[in-house]
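Reading through the C-alpha cells given below for one structure.
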Amino acid sequence: MRAMILKQIDRLDRNKTPLILDDIPEPLPREDEVLVKVSACGVCHTDLDEIEGRTPPSKFPMILGHQVVGRVEKRGRAVSRLKVGDRVGIAWIHSACGRCKFCRSGNENLCEKFEATGRDAPGGYAQYTTVSEGFAYPIPEIFSDLQAAPLLCAGAVGYRSLRLTGIENGRNMGLVGFGASAHLVIQMVRHEYPDSRVFVFVRTREEREFAKKLGAFWAGGVEDDPPEKLNYAIDTTPVWGPIVEVLKNLDRGGRLVINAIRKEGGDQEALLKLDYSRDLWMEREIKSVANVTRRDVAEFLQVAAEIPIQPEIQEFSLEEANQALVEIKERKIRGAKVLRVD
Ligand SMILES: [Zn+2]
Ligand SMILES: [Zn+2]
C-alpha cells in the first residue's frame with residue numbers, strides 16, 4: 001500500500017518534505033481489530049508536534065494521521081459489532097488500558113498507557129490502517145468522508161475543551177486562534193448556547209471576517225480589548241503570547257482552557273509579562289485539555305450531526321501531505337486540511 005512515512009524527527013523550516021512516500025505491506029488486523037481502507041485523513045497541528053519532536057512518535061518509521069475515515073475491509077476473529085463495509089472513524093485515542101483509576105472513572109484520556117493514533121500506532125496517512133473495534137466510531141450519514149475527518153480531532157477535542165470551560169448559556173466565550181478546531185467550536189456555541197456572545201482573537205482581517213461569518217459577536221487581534229469581559233476562553237494557538245494577552249480580558253472567576261498538546265518554545269518569555277494581580281488573582285483559572293475520550297468523540301459526532309456542523313475543508317491528495325503540513329506551519333489556515341486517499 002502507499003503510505004506517507006516519517007523516519008525521524010525533523011524541522012519543517014529546514015526540510016519541507018519530512019514525510020516520504022513509500023510502498024509497504026498492508027497491516028494485518030489482530031483478533032479484536034478491523035482493517036480499514038482509508039478514504040480521508042485530516043491534517044492536524046499535532047502532526048507538526050510529532051515531526052518536530054515536541055511529542056515524538058514512540059517508534060520509527062511511523063505513519064502519522066489521527067482523523068481517519070474509511071470502510072471496514074477485514075475483521076479479526078473476535079470482532080462482533082462492526083461488519084465489512086461499515087464506514088468508521090478513528091480518532092487520536094487509539095487505545096487505553098481500561099483498568100487504571102483514570103480509565104475506570106471515564107478519564108481514559110489521562111491513562112498512563114494511553115496510545116495515540118499516528119504516534120504510538122500507525123495512523124491514516126496510508127491506504128490502510130487497523131484499530132480495535134472499540135475505538136472505531138460510526139460516522140453520521142449527513143457527513144461525507146472528507147467532511148467527517150476534521151470532526152475526529154479538531155471537533156472532538158474542541159468539544160472536550162468547550163465542556164471543560166463549564167460554559168453556561170448567556171455568558172461570554174473567547175476563542176483565541178481560529179483554525180480547524182475553533183471554527184467548529186463556534187458553531188457548537190452558537191447552537192447550544194445561543195445567548196452567549198463569542199469573541200474571536202485572530203491575526204488577519206480575512207480570519208476575522210471568516211469568524212464573523214460564522215457568528216462571532218466581535219473579532220479582533222489578541223492585543224485588542226473586546227467590548228466586554230470574557231467568562232471563558234479557549235486558546236488554540238501554538239504559542240504563549242496570546243495567553244497572556246487574553247488573560248487581561250478574562251473576568252473574575254473566569255476560566256481559560258488551553259487546547260494544545262504542546263506549545264512551541266519560541267516566545268516563552270512572554271510569560272514573564274504575566275501580572276498576578278491583574279491576570280490570575282480573583283479566582284481566574286487556567287486548565288489544559290489532554291487528548292480525548294471515546295465518549296467525547298461519540299457524543300461530538302452526534303451533536304455535530306444534529307446542528308449540523310459544516311466543516312470548511314481544504315482538500316489535498318495523500319502525496320501532498322507535506323504541503324498541507326507546511327501550510328499549517330506557516331499558519332496558512334482556513335478551516336481544516338484533509339487528505340483524500342484513494
Ligand atoms: Zn489532532
Ligand atoms: Zn488506563
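We name chains A, B, ... following the order of the C-alpha cells; residues begin at 1 in each chain, and ligands are numbered from 1 as shown.
Residues in contact with ligand 1 (atom pairs separated by at most 8 Å; only C-alpha atoms and all ligand atoms) are Val43, Cys44, His45, Thr46, Asp47, His66, Gln67, Trp92, Leu152, Cys153, Ala154 and Val157 of chain A.
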Go ahead and save the residues from that selection, with C-alpha atoms, as a short mmCIF file (atom, residue, chain, number, x, y, z; two decimals), in the first residue's frame.
data_model
loop_
_atom_site.label_atom_id
_atom_site.label_comp_id
_atom_site.auth_asym_id
_atom_site.auth_seq_id
_atom_site.Cartn_x
_atom_site.Cartn_y
_atom_site.Cartn_z
CA VAL A 43 -4.06 17.05 8.96
CA CYS A 44 -3.55 18.47 12.44
CA HIS A 45 -1.10 20.82 14.16
CA THR A 46 -0.22 17.87 16.41
CA ASP A 47 1.34 16.19 13.38
CA HIS A 66 -5.30 10.68 13.59
CA GLN A 67 -8.51 11.90 11.93
CA TRP A 92 -6.50 10.44 18.44
CA LEU A 152 -12.49 13.42 14.73
CA CYS A 153 -9.77 15.59 16.29
CA ALA A 154 -10.36 19.29 15.76
CA VAL A 157 -11.00 18.00 21.18
#
Could you list the protein, DNA and RNA residues that have any atom within 9 Å of ligand 2, counting only C-alpha atoms and all ligand atoms, and write them as a tab-separated table (two decimals) with C-alpha atoms, in the first residue's frame?
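As a result, pocket_23.tsv now contains:
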chain	number	residue	atom	x	y	z
A	95	SER	CA	-6.17	2.62	22.98
A	96	ALA	CA	-6.05	2.93	26.77
A	97	CYS	CA	-5.51	0.22	29.40
A	98	GLY	CA	-9.13	0.02	30.53
A	99	ARG	CA	-8.10	-0.96	34.08
A	100	CYS	CA	-6.42	2.01	35.81
A	101	LYS	CA	-8.21	4.54	38.04
A	102	PHE	CA	-8.43	7.01	35.15
A	103	CYS	CA	-9.90	4.51	32.71
A	104	ARG	CA	-12.39	3.24	35.30
A	107	ASN	CA	-10.96	9.67	32.15
A	108	GLU	CA	-9.22	7.28	29.76
A	109	ASN	CA	-7.67	10.35	28.12
A	110	LEU	CA	-5.42	10.58	31.22
A	111	CYS	CA	-4.41	6.87	31.22
A	112	GLU	CA	-0.65	6.34	31.62
A	113	LYS	CA	-0.82	3.67	28.90
A	114	PHE	CA	-2.74	5.99	26.53
Secondary structure check, strand (DSSP E or B) residues of segment 65-178 of chain A, as JSON, numbers by chain: {"A": [68, 69, 70, 71, 72, 73, 74, 75, 87, 88, 89, 90, 93, 94, 95, 115, 116, 117, 121, 126, 128, 129, 130, 131, 132, 136, 137, 138, 173, 174, 175, 176]}
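The space separating atom CA of Glu50 of chain A from atom CA of Arg87 of chain A comes to 27.5 Å.
Considering the residues A:Tyr125, A:Ala290, A:Glu26, A:Lys248 and counting only C-alpha atoms, Ser277 of chain A has its shortest atom-to-atom contact with A:Lys248.
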